[in-house]
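**Student:** entry.cif is the file, holding mmCIF, C-alpha atoms and all ligand atoms:
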data_entry
loop_
_atom_site.group_PDB
_atom_site.id
_atom_site.type_symbol
_atom_site.label_atom_id
_atom_site.label_comp_id
_atom_site.auth_asym_id
_atom_site.auth_seq_id
_atom_site.Cartn_x
_atom_site.Cartn_y
_atom_site.Cartn_z
ATOM 1 C CA MET N 1 -19.764 -12.775 6.727
ATOM 2 C CA LEU N 2 -17.598 -14.369 9.411
ATOM 3 C CA ILE N 3 -15.387 -12.213 11.649
ATOM 4 C CA PHE N 4 -12.366 -13.586 13.498
ATOM 5 C CA THR N 5 -9.943 -11.890 15.839
ATOM 6 C CA SER N 6 -7.892 -14.937 16.754
ATOM 7 C CA THR N 7 -5.534 -16.781 14.427
ATOM 8 C CA ALA N 8 -6.556 -20.189 15.772
ATOM 9 C CA SER N 9 -10.277 -19.718 15.075
ATOM 10 C CA LEU N 10 -9.556 -18.225 11.642
ATOM 11 C CA GLN N 11 -7.371 -21.184 10.731
ATOM 12 C CA THR N 12 -9.986 -23.715 11.870
ATOM 13 C CA GLN N 13 -12.475 -22.084 9.485
ATOM 14 C CA LEU N 14 -9.902 -21.820 6.669
ATOM 15 C CA ASN N 15 -9.013 -25.521 7.005
ATOM 16 C CA ASN N 16 -12.682 -26.263 6.578
ATOM 17 C CA PHE N 17 -12.799 -24.229 3.337
ATOM 18 C CA LYS N 18 -9.591 -25.809 2.062
ATOM 19 C CA GLN N 19 -10.776 -29.367 2.810
ATOM 20 C CA ASN N 20 -13.843 -28.572 0.705
ATOM 21 C CA GLY N 21 -11.631 -27.556 -2.214
ATOM 22 C CA LYS N 22 -12.399 -23.825 -2.002
ATOM 23 C CA LYS N 23 -10.015 -21.425 -3.691
ATOM 24 C CA ILE N 24 -8.928 -18.807 -1.160
ATOM 25 C CA GLY N 25 -8.251 -15.173 -2.054
ATOM 26 C CA PHE N 26 -6.729 -12.731 0.413
ATOM 27 C CA VAL N 27 -6.894 -8.936 0.646
ATOM 28 C CA PRO N 28 -4.753 -7.402 3.405
ATOM 29 C CA THR N 29 -5.820 -3.893 4.501
ATOM 30 C CA MET N 30 -5.435 -1.428 7.326
ATOM 31 C CA GLY N 31 -9.165 -0.678 7.354
ATOM 32 C CA ALA N 32 -10.777 2.739 6.784
ATOM 33 C CA LEU N 33 -12.057 1.069 3.674
ATOM 34 C CA HIS N 34 -13.099 2.818 0.480
ATOM 35 C CA GLN N 35 -14.024 1.707 -3.025
ATOM 36 C CA GLY N 36 -10.327 1.118 -3.856
ATOM 37 C CA HIS N 37 -10.210 -1.618 -1.220
ATOM 38 C CA ILE N 38 -13.613 -2.891 -2.274
ATOM 39 C CA SER N 39 -12.375 -3.252 -5.870
ATOM 40 C CA LEU N 40 -9.774 -5.708 -4.536
ATOM 41 C CA ILE N 41 -12.550 -7.724 -2.878
ATOM 42 C CA THR N 42 -14.585 -7.668 -6.102
ATOM 43 C CA ASN N 43 -11.572 -8.795 -8.146
ATOM 44 C CA THR N 44 -10.928 -11.610 -5.675
ATOM 45 C CA LEU N 45 -14.489 -12.864 -5.967
ATOM 46 C CA LYS N 46 -14.053 -13.180 -9.731
ATOM 47 C CA ASP N 47 -11.234 -15.717 -9.267
ATOM 48 C CA CYS N 48 -11.834 -17.296 -5.862
ATOM 49 C CA ASP N 49 -14.586 -19.047 -3.897
ATOM 50 C CA VAL N 50 -13.686 -17.393 -0.621
ATOM 51 C CA VAL N 51 -12.279 -13.941 0.132
ATOM 52 C CA ILE N 52 -10.525 -13.147 3.397
ATOM 53 C CA CYS N 53 -10.028 -9.454 4.147
ATOM 54 C CA SER N 54 -7.698 -8.598 7.005
ATOM 55 C CA ILE N 55 -8.079 -5.331 8.859
ATOM 56 C CA PHE N 56 -5.013 -4.519 10.916
ATOM 57 C CA VAL N 57 -3.378 -1.138 11.436
ATOM 58 C CA ASN N 58 0.170 -2.421 11.546
ATOM 59 C CA PRO N 59 2.227 -0.472 14.101
ATOM 60 C CA THR N 60 5.611 -1.628 12.801
ATOM 61 C CA GLN N 61 5.238 0.079 9.423
ATOM 62 C CA PHE N 62 4.746 3.532 10.935
ATOM 63 C CA ASN N 63 7.887 5.445 11.786
ATOM 64 C CA ASP N 64 5.905 8.399 13.091
ATOM 65 C CA ILE N 65 3.783 7.596 16.123
ATOM 66 C CA ARG N 66 1.450 10.557 15.395
ATOM 67 C CA ASP N 67 0.715 9.154 11.944
ATOM 68 C CA LEU N 68 -0.180 5.813 13.551
ATOM 69 C CA GLU N 69 -2.422 7.479 16.133
ATOM 70 C CA LYS N 70 -4.181 9.585 13.508
ATOM 71 C CA TYR N 71 -4.711 6.718 11.103
ATOM 72 C CA PRO N 72 -8.505 6.609 10.554
ATOM 73 C CA ARG N 73 -10.359 3.716 12.148
ATOM 74 C CA THR N 74 -13.901 3.152 10.883
ATOM 75 C CA TRP N 75 -14.789 -0.370 11.957
ATOM 76 C CA ASN N 76 -18.606 -0.217 11.595
ATOM 77 C CA GLU N 77 -18.456 1.326 8.123
ATOM 78 C CA ASP N 78 -15.730 -1.153 7.064
ATOM 79 C CA ILE N 79 -17.931 -4.076 8.061
ATOM 80 C CA ARG N 80 -20.910 -2.539 6.250
ATOM 81 C CA LEU N 81 -18.908 -2.116 3.013
ATOM 82 C CA LEU N 82 -17.481 -5.631 3.237
ATOM 83 C CA GLU N 83 -20.954 -7.119 3.777
ATOM 84 C CA ILE N 84 -22.225 -5.310 0.674
ATOM 85 C CA ALA N 85 -19.186 -6.519 -1.315
ATOM 86 C CA LYS N 86 -19.985 -10.105 -0.235
ATOM 87 C CA CYS N 87 -16.676 -10.619 1.540
ATOM 88 C CA THR N 88 -16.600 -14.080 3.121
ATOM 89 C CA VAL N 89 -14.290 -13.627 6.118
ATOM 90 C CA VAL N 90 -12.830 -10.664 8.023
ATOM 91 C CA PHE N 91 -9.687 -11.217 10.058
ATOM 92 C CA ALA N 92 -9.134 -8.405 12.532
ATOM 93 C CA PRO N 93 -6.404 -9.484 14.936
ATOM 94 C CA THR N 94 -5.210 -7.557 17.970
ATOM 95 C CA ILE N 95 -1.627 -6.289 18.125
ATOM 96 C CA SER N 96 -0.721 -8.960 20.671
ATOM 97 C CA GLU N 97 -2.126 -11.620 18.348
ATOM 98 C CA MET N 98 0.322 -10.563 15.637
ATOM 99 C CA TYR N 99 3.436 -9.488 17.560
ATOM 100 C CA THR N 100 5.470 -10.589 20.521
ATOM 101 C CA GLU N 101 6.554 -7.938 23.037
ATOM 102 C CA GLN N 102 10.108 -8.516 21.814
ATOM 103 C CA GLU N 103 9.212 -7.684 18.190
ATOM 104 C CA LEU N 104 7.498 -4.459 19.231
ATOM 105 C CA ALA N 105 10.427 -3.474 21.450
ATOM 106 C CA LEU N 106 12.834 -4.103 18.581
ATOM 107 C CA LYS N 107 10.831 -1.794 16.301
ATOM 108 C CA GLN N 108 10.855 0.905 18.999
ATOM 109 C CA GLN N 109 14.607 0.538 19.285
ATOM 110 C CA HIS N 110 14.945 0.893 15.506
ATOM 111 C CA ILE N 111 12.936 4.120 15.631
ATOM 112 C CA GLU N 112 15.063 5.507 18.449
ATOM 113 C CA ASP N 113 18.527 4.602 17.147
ATOM 114 C CA LYS N 114 17.579 4.653 13.438
ATOM 115 C CA SER N 115 19.129 1.188 12.991
ATOM 116 C CA TRP N 116 16.668 0.273 10.275
ATOM 117 C CA ALA N 117 18.811 -2.440 8.783
ATOM 118 C CA LEU N 118 18.723 -4.485 12.000
ATOM 119 C CA GLY N 119 16.202 -7.288 12.148
ATOM 120 C CA LYS N 120 15.392 -6.984 8.470
ATOM 121 C CA PRO N 121 13.523 -10.138 7.537
ATOM 122 C CA ILE N 122 14.931 -10.143 4.022
ATOM 123 C CA ASP N 123 17.004 -7.939 1.811
ATOM 124 C CA PHE N 124 15.055 -6.230 -0.950
ATOM 125 C CA GLY N 125 18.229 -4.984 -2.612
ATOM 126 C CA ILE N 126 17.626 -1.848 -4.611
ATOM 127 C CA LEU N 127 13.823 -1.991 -4.346
ATOM 128 C CA ASP N 128 13.694 -0.471 -0.879
ATOM 129 C CA LYS N 129 16.462 2.079 -1.250
ATOM 130 C CA VAL N 130 14.354 4.575 -3.185
ATOM 131 C CA MET N 131 11.229 6.758 -2.977
ATOM 132 C CA GLU N 132 9.074 5.718 -0.002
ATOM 133 C CA GLU N 133 11.926 4.167 1.962
ATOM 134 C CA ILE N 134 13.876 7.434 1.842
ATOM 135 C CA GLN N 135 10.875 9.350 3.201
ATOM 136 C CA ARG N 136 9.735 6.640 5.618
ATOM 137 C CA PRO N 137 12.810 4.670 6.746
ATOM 138 C CA GLY N 138 11.856 1.239 8.054
ATOM 139 C CA HIS N 139 8.370 1.346 6.548
ATOM 140 C CA PHE N 140 8.897 -1.574 4.186
ATOM 141 C CA ASN N 141 10.599 -3.608 6.881
ATOM 142 C CA GLY N 142 7.401 -3.354 8.955
ATOM 143 C CA MET N 143 5.168 -3.934 5.937
ATOM 144 C CA ALA N 144 7.136 -7.048 4.935
ATOM 145 C CA GLN N 145 6.983 -8.315 8.512
ATOM 146 C CA ILE N 146 3.174 -8.137 8.682
ATOM 147 C CA VAL N 147 2.516 -9.332 5.114
ATOM 148 C CA THR N 148 4.750 -12.368 5.717
ATOM 149 C CA LYS N 149 2.912 -13.173 8.949
ATOM 150 C CA LEU N 150 -0.504 -12.760 7.331
ATOM 151 C CA LEU N 151 0.382 -14.832 4.266
ATOM 152 C CA ARG N 152 1.697 -17.594 6.533
ATOM 153 C CA ILE N 153 -1.475 -17.543 8.640
ATOM 154 C CA VAL N 154 -3.986 -17.407 5.785
ATOM 155 C CA GLU N 155 -2.024 -19.436 3.197
ATOM 156 C CA PRO N 156 -4.207 -18.114 0.359
ATOM 157 C CA ASP N 157 -4.050 -19.303 -3.232
ATOM 158 C CA ILE N 158 -3.959 -15.686 -4.431
ATOM 159 C CA ALA N 159 -3.325 -12.376 -2.650
ATOM 160 C CA TYR N 160 -4.503 -9.077 -4.146
ATOM 161 C CA PHE N 161 -2.658 -5.777 -3.819
ATOM 162 C CA GLY N 162 -3.405 -2.333 -5.242
ATOM 163 C CA GLN N 163 -1.129 -0.713 -7.807
ATOM 164 C CA LYS N 164 -1.705 2.459 -5.771
ATOM 165 C CA ASP N 165 1.186 1.331 -3.539
ATOM 166 C CA PHE N 166 3.464 0.545 -6.460
ATOM 167 C CA GLN N 167 6.681 0.141 -4.495
ATOM 168 C CA GLN N 168 4.924 -1.998 -1.882
ATOM 169 C CA LEU N 169 3.676 -4.288 -4.631
ATOM 170 C CA ALA N 170 7.207 -4.735 -6.043
ATOM 171 C CA ILE N 171 8.516 -5.503 -2.563
ATOM 172 C CA VAL N 172 5.720 -7.991 -1.849
ATOM 173 C CA ARG N 173 6.523 -9.793 -5.099
ATOM 174 C CA SER N 174 10.192 -9.938 -4.112
ATOM 175 C CA LEU N 175 9.279 -11.148 -0.617
ATOM 176 C CA VAL N 176 7.090 -13.962 -1.931
ATOM 177 C CA LYS N 177 9.832 -15.048 -4.328
ATOM 178 C CA GLN N 178 12.625 -14.935 -1.770
ATOM 179 C CA LEU N 179 10.643 -16.817 0.889
ATOM 180 C CA SER N 180 9.184 -19.212 -1.713
ATOM 181 C CA LEU N 181 5.684 -18.581 -0.366
ATOM 182 C CA PRO N 182 3.167 -20.625 -2.361
ATOM 183 C CA VAL N 183 0.906 -17.720 -3.302
ATOM 184 C CA GLU N 184 0.148 -15.864 -6.521
ATOM 185 C CA ILE N 185 0.205 -12.070 -6.286
ATOM 186 C CA ILE N 186 -2.280 -10.135 -8.395
ATOM 187 C CA ALA N 187 -2.055 -6.365 -8.897
ATOM 188 C CA CYS N 188 -5.271 -4.330 -9.160
ATOM 189 C CA ASP N 189 -5.761 -0.963 -10.868
ATOM 190 C CA ILE N 190 -5.937 2.265 -8.899
ATOM 191 C CA VAL N 191 -9.494 3.409 -8.165
ATOM 192 C CA ARG N 192 -9.884 7.193 -8.358
ATOM 193 C CA GLU N 193 -12.436 9.781 -7.328
ATOM 194 C CA LYS N 194 -14.272 11.489 -10.222
ATOM 195 C CA ASP N 195 -11.769 14.365 -10.125
ATOM 196 C CA GLY N 196 -8.822 11.982 -10.474
ATOM 197 C CA LEU N 197 -7.648 11.868 -6.852
ATOM 198 C CA ALA N 198 -6.523 8.335 -6.004
ATOM 199 C CA MET N 199 -8.763 6.929 -3.280
ATOM 200 C CA SER N 200 -6.933 6.652 0.014
ATOM 201 C CA SER N 201 -7.895 6.157 3.643
ATOM 202 C CA ARG N 202 -5.904 9.310 4.343
ATOM 203 C CA ASN N 203 -8.133 11.479 2.110
ATOM 204 C CA THR N 204 -10.672 11.704 4.932
ATOM 205 C CA ARG N 205 -8.090 13.640 6.954
ATOM 206 C CA LEU N 206 -7.964 16.463 4.373
ATOM 207 C CA SER N 207 -9.778 19.702 5.201
ATOM 208 C CA VAL N 208 -12.332 20.939 2.657
ATOM 209 C CA LYS N 209 -9.759 23.421 1.349
ATOM 210 C CA GLU N 210 -7.009 20.799 1.115
ATOM 211 C CA ARG N 211 -9.359 18.356 -0.596
ATOM 212 C CA ALA N 212 -9.992 20.982 -3.277
ATOM 213 C CA PHE N 213 -6.236 21.156 -4.021
ATOM 214 C CA ALA N 214 -5.712 17.377 -3.956
ATOM 215 C CA PRO N 215 -6.595 16.588 -7.622
ATOM 216 C CA ALA N 216 -3.473 18.544 -8.629
ATOM 217 C CA ILE N 217 -1.467 15.457 -7.626
ATOM 218 C CA SER N 218 -2.981 13.080 -10.185
ATOM 219 C CA LYS N 219 -3.216 15.888 -12.738
ATOM 220 C CA CYS N 220 0.598 16.126 -12.688
ATOM 221 C CA LEU N 221 0.897 12.404 -13.312
ATOM 222 C CA PHE N 222 -1.602 12.464 -16.169
ATOM 223 C CA LYS N 223 0.326 15.363 -17.666
ATOM 224 C CA ILE N 224 3.562 13.349 -17.503
ATOM 225 C CA LYS N 225 1.824 10.491 -19.310
ATOM 226 C CA GLU N 226 0.418 12.801 -21.964
ATOM 227 C CA LEU N 227 3.791 14.465 -22.635
ATOM 228 C CA ALA N 228 6.054 11.412 -22.204
ATOM 229 C CA SER N 229 6.497 10.900 -25.944
ATOM 230 C CA ILE N 230 7.613 14.484 -26.632
ATOM 231 C CA LYS N 231 9.533 15.608 -23.515
ATOM 232 C CA THR N 232 12.625 14.395 -21.716
ATOM 233 C CA VAL N 233 12.411 12.792 -18.280
ATOM 234 C CA ILE N 234 14.054 15.802 -16.629
ATOM 235 C CA ALA N 235 11.734 18.243 -18.408
ATOM 236 C CA LEU N 236 8.698 16.278 -17.234
ATOM 237 C CA LYS N 237 9.873 16.280 -13.637
ATOM 238 C CA ASN N 238 10.519 20.015 -13.817
ATOM 239 C CA ILE N 239 7.001 20.628 -15.137
ATOM 240 C CA VAL N 240 5.586 18.849 -12.087
ATOM 241 C CA ILE N 241 7.879 20.733 -9.708
ATOM 242 C CA ASP N 242 6.828 24.064 -11.279
ATOM 243 C CA ASP N 243 3.118 23.191 -11.336
ATOM 244 C CA LEU N 244 3.073 22.185 -7.695
ATOM 245 C CA LYS N 245 5.040 25.270 -6.637
ATOM 246 C CA GLN N 246 1.906 27.231 -7.596
ATOM 247 C CA ILE N 247 0.046 25.525 -4.731
ATOM 248 C CA PRO N 248 1.706 26.498 -1.444
ATOM 249 C CA GLU N 249 -0.471 24.031 0.495
ATOM 250 C CA ILE N 250 1.281 21.153 -1.318
ATOM 251 C CA THR N 251 4.849 20.172 -0.417
ATOM 252 C CA LEU N 252 6.398 17.861 -2.968
ATOM 253 C CA GLU N 253 8.409 15.056 -1.367
ATOM 254 C CA TYR N 254 9.420 13.408 -4.603
ATOM 255 C CA VAL N 255 8.425 12.962 -8.207
ATOM 256 C CA GLU N 256 10.243 10.090 -9.888
ATOM 257 C CA ILE N 257 10.069 8.401 -13.240
ATOM 258 C CA VAL N 258 11.314 4.882 -12.681
ATOM 259 C CA ASP N 259 11.730 1.515 -14.319
ATOM 260 C CA ALA N 260 8.565 -0.386 -13.325
ATOM 261 C CA LEU N 261 10.514 -3.533 -12.416
ATOM 262 C CA THR N 262 13.654 -2.231 -10.696
ATOM 263 C CA LEU N 263 12.127 1.051 -9.400
ATOM 264 C CA GLN N 264 15.362 2.803 -10.318
ATOM 265 C CA SER N 265 15.100 6.350 -11.655
ATOM 266 C CA ILE N 266 15.589 6.662 -15.356
ATOM 267 C CA THR N 267 17.038 9.672 -17.115
ATOM 268 C CA ASP N 268 16.003 8.621 -20.608
ATOM 269 C CA PHE N 269 12.921 6.681 -21.709
ATOM 270 C CA LYS N 270 15.181 4.552 -23.917
ATOM 271 C CA GLN N 271 16.565 3.015 -20.709
ATOM 272 C CA THR N 272 13.475 0.936 -19.980
ATOM 273 C CA LYS N 273 10.658 -1.081 -21.540
ATOM 274 C CA SER N 274 8.248 -0.181 -18.727
ATOM 275 C CA ALA N 275 8.117 3.139 -16.913
ATOM 276 C CA VAL N 276 6.016 4.504 -14.087
ATOM 277 C CA ALA N 277 5.728 8.017 -12.703
ATOM 278 C CA CYS N 278 5.487 8.116 -8.908
ATOM 279 C CA ILE N 279 4.757 11.048 -6.641
ATOM 280 C CA ALA N 280 4.527 11.740 -2.913
ATOM 281 C CA VAL N 281 3.354 14.995 -1.380
ATOM 282 C CA LYS N 282 2.350 16.457 1.926
ATOM 283 C CA LEU N 283 -0.953 18.300 1.721
ATOM 284 C CA GLY N 284 -1.244 20.063 5.048
ATOM 285 C CA GLU N 285 -0.526 17.325 7.593
ATOM 286 C CA VAL N 286 -1.546 14.508 5.276
ATOM 287 C CA ARG N 287 0.915 12.495 3.226
ATOM 288 C CA LEU N 288 -0.417 11.253 -0.125
ATOM 289 C CA ILE N 289 1.131 9.036 -2.793
ATOM 290 C CA ASP N 290 0.058 8.234 -6.330
ATOM 291 C CA ASN N 291 1.473 6.840 -9.568
ATOM 292 C CA VAL N 292 0.666 6.313 -13.215
ATOM 293 C CA ILE N 293 2.106 3.626 -15.473
ATOM 294 C CA LEU N 294 3.478 5.480 -18.497
ATOM 295 C CA TYR N 295 4.019 2.403 -20.665
ATOM 296 C CA SER N 296 4.726 -1.293 -20.170
HETATM 297 P P1 LIG N 301 -4.148 -0.008 2.909
HETATM 298 O O1 LIG N 301 -5.373 -0.285 3.721
HETATM 299 O O2 LIG N 301 -3.938 1.411 2.603
HETATM 300 O O3 LIG N 301 -2.936 -0.710 3.471
HETATM 301 O O4 LIG N 301 -4.409 -0.690 1.489
HETATM 302 C C1 LIG N 301 -4.770 -2.035 1.386
HETATM 303 C C2 LIG N 301 -4.704 -2.430 -0.068
HETATM 304 O O5 LIG N 301 -5.599 -1.615 -0.821
HETATM 305 C C3 LIG N 301 -3.310 -2.203 -0.671
HETATM 306 O O6 LIG N 301 -2.998 -3.313 -1.519
HETATM 307 C C4 LIG N 301 -3.476 -0.930 -1.446
HETATM 308 O O7 LIG N 301 -2.601 -0.809 -2.531
HETATM 309 C C5 LIG N 301 -4.928 -1.069 -1.924
HETATM 310 N N1 LIG N 301 -5.475 0.240 -2.274
HETATM 311 C C6 LIG N 301 -5.476 1.365 -1.514
HETATM 312 N N2 LIG N 301 -6.010 2.389 -2.198
HETATM 313 C C7 LIG N 301 -6.366 1.908 -3.410
HETATM 314 C C8 LIG N 301 -6.961 2.478 -4.571
HETATM 315 N N3 LIG N 301 -7.302 3.763 -4.632
HETATM 316 N N4 LIG N 301 -7.177 1.692 -5.646
HETATM 317 C C9 LIG N 301 -6.821 0.375 -5.607
HETATM 318 N N5 LIG N 301 -6.252 -0.224 -4.555
HETATM 319 C C10 LIG N 301 -6.026 0.527 -3.464
#
So, in terms of structure tokens, how does the structure I just supplied come out?
**Tutor:**
Amino acid sequence: MLIFTSTASLQTQLNNFKQNGKKIGFVPTMGALHQGHISLITNTLKDCDVVICSIFVNPTQFNDIRDLEKYPRTWNEDIRLLEIAKCTVVFAPTISEMYTEQELALKQQHIEDKSWALGKPIDFGILDKVMEEIQRPGHFNGMAQIVTKLLRIVEPDIAYFGQKDFQQLAIVRSLVKQLSLPVEIIACDIVREKDGLAMSSRNTRLSVKERAFAPAISKCLFKIKELASIKTVIALKNIVIDDLKQIPEITLEYVEIVDALTLQSITDFKQTKSAVACIAVKLGEVRLIDNVILYS
């Protein structure tokens, strides 16, 4: 497995692969890898000759500096897992490799004066006005900024994203379309722990007690799916709100049932051909998100 920290050396190697007709697959990550990330690598290897995994904790998508500082960093274990998964190339750039001082200063200014709309690379319309963006203003701006940079550096044939970050996936698809980037986006299923908890780098920050409560999150979503044909949207949301009220350690940020394409809340299942239930909670200090596709 090859490891690069500089864009120039990565691109020299990638040009070599491309000249030899290799199909390039790309998996962007923030590290602290688990089997959810590894499933993306495995999926890539089914379609592509070469898989590039980037590891970069992107500062511009965090609007809370403490969250950025506490984000788990497990470099040695990441490399071990990627070796086992037969990843071809790791790209782990420094912050200064990816951002100019000016870009970082602009983000800081946006945090301080809350002028999130400024410097927006592209307009995602309604996609980034709901759910995560309400809780984490500016998050998708930063995500779009880094994904655009990475896609332009790597120029993969296909890029793989997890359905776990459902809204992110919709925004990446919109980004690729609007910028006419020549890349196919493939969505991969959510990988879960045996008890249903969606794998996440943040799970390692849960205490033993919090971890024991965490499966309640996916349980709510599975319940919505099970009852979707016999209950109204509002009744389903209320069930989740009531269930989670029983667990004081969990603070519900939102539970939404949305159209899978527009991400707009629906009030009646007749309003859409594809629906997804999305949830975000705080469990202690740790913010967790999950979703389940109800039908498509
Ligand atoms: P992250 O490192 O959290 O930015 O995630 C990198 C990629 O892995 C994103 O496309 C995520 O959606 C995906 N991912 C994270 N957790 C999971 C999971 N449990 N199952 C499948 N994909 C995941």
**Student:** Show me which residues line ligand LIG 301 (chain N), defined as having an atom within 7 Å of a ligand atom where all atoms listed in the file count, and present them as a ChimeraX atom specification.
**Tutor:** /N:27-33,36-37,39-40,160-165,188-192,198-201
**Student:** Would you mind reading off the distance between CA of Ala214 in chain N and CA of Asp78 in chain N, one decimal, in Å?
**Tutor:**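 Result for CA of Ala214 in chain N versus CA of Asp78 in chain N: 23.8 Å, one decimal.
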**Student:** For the atom pair CA of Gly138 in chain N and CA of Phe124 in chain N, what is the interatomic distance in Å to one decimal place?
**Tutor:** 12.1 Å
**Student:** Run the PyMOL selection byres (((chain N and resi 5) around 8) and not hetatm) against the file shown and list the residues it catches, as a ChimeraX atom specification.
**Tutor:** /N:3-4,6-7,9-10,91-94
**Student:** Can you write out the residues you just picked, keeping C-alpha atoms, as an mmCIF file, in the frame of the given file?
**Tutor:**
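Okay, this is what ended up in out-v5.cif:
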data_model
loop_
_atom_site.group_PDB
_atom_site.id
_atom_site.type_symbol
_atom_site.label_atom_id
_atom_site.label_comp_id
_atom_site.auth_asym_id
_atom_site.auth_seq_id
_atom_site.Cartn_x
_atom_site.Cartn_y
_atom_site.Cartn_z
ATOM 1 C CA ILE N 3 -15.387 -12.213 11.649
ATOM 2 C CA PHE N 4 -12.366 -13.586 13.498
ATOM 3 C CA SER N 6 -7.892 -14.937 16.754
ATOM 4 C CA THR N 7 -5.534 -16.781 14.427
ATOM 5 C CA SER N 9 -10.277 -19.718 15.075
ATOM 6 C CA LEU N 10 -9.556 -18.225 11.642
ATOM 7 C CA PHE N 91 -9.687 -11.217 10.058
ATOM 8 C CA ALA N 92 -9.134 -8.405 12.532
ATOM 9 C CA PRO N 93 -6.404 -9.484 14.936
ATOM 10 C CA THR N 94 -5.210 -7.557 17.970
#
**Student:** Can you work out the spacing between CA of Ile134 in chain N and CA of Ile266 in chain N in Å, to one decimal?
**Tutor:**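 Separation between CA of Ile134 in chain N and CA of Ile266 in chain N: 17.3 Å.
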**Student:** Name the residues that the PyMOL selection byres (((chain N and resi 85) around 8) and not hetatm) picks from the file above, as a count of residues only, using the file's chain letters and numbers.
**Tutor:** 9
**Student:** Here is a test: counting only C-alpha atoms, which residue of N:Phe26, N:Tyr254, N:Phe166, N:Tyr295 is nearest to Thr272 in chain N?
**Tutor:**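 Result for the nearest residue to Thr272 in chain N: N:Tyr295.
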**Student:** Calculate, to one decimal in Å, the centre and edge lengths of the box along x, y and z of the file that holds all listed atoms of range 213-220 of chain N with 3 Å of margin on each side, and present them as JSON.
**Tutor:**
{"center_x": -3.0, "center_y": 17.1, "center_z": -8.3, "size_x": 13.2, "size_y": 14.1, "size_z": 14.8}
**Student:** Report the residues retrieved by the PyMOL selection byres (((chain N and resi 24) around 8) and not hetatm) from the displayed file, expressed as an MDAnalysis selection string.
**Tutor:** chainID N and resid 18 22:23 25:26 48:52 156:158
**Student:** Keeping only C-alpha atoms, write the selected residues to a file as a CSV table (one decimal), in the coordinates of the input.
**Tutor:**
chain,number,residue,atom,x,y,z
N,18,LYS,CA,-9.6,-25.8,2.1
N,22,LYS,CA,-12.4,-23.8,-2.0
N,23,LYS,CA,-10.0,-21.4,-3.7
N,25,GLY,CA,-8.3,-15.2,-2.1
N,26,PHE,CA,-6.7,-12.7,0.4
N,48,CYS,CA,-11.8,-17.3,-5.9
N,49,ASP,CA,-14.6,-19.0,-3.9
N,50,VAL,CA,-13.7,-17.4,-0.6
N,51,VAL,CA,-12.3,-13.9,0.1
N,52,ILE,CA,-10.5,-13.1,3.4
N,156,PRO,CA,-4.2,-18.1,0.4
N,157,ASP,CA,-4.0,-19.3,-3.2
N,158,ILE,CA,-4.0,-15.7,-4.4
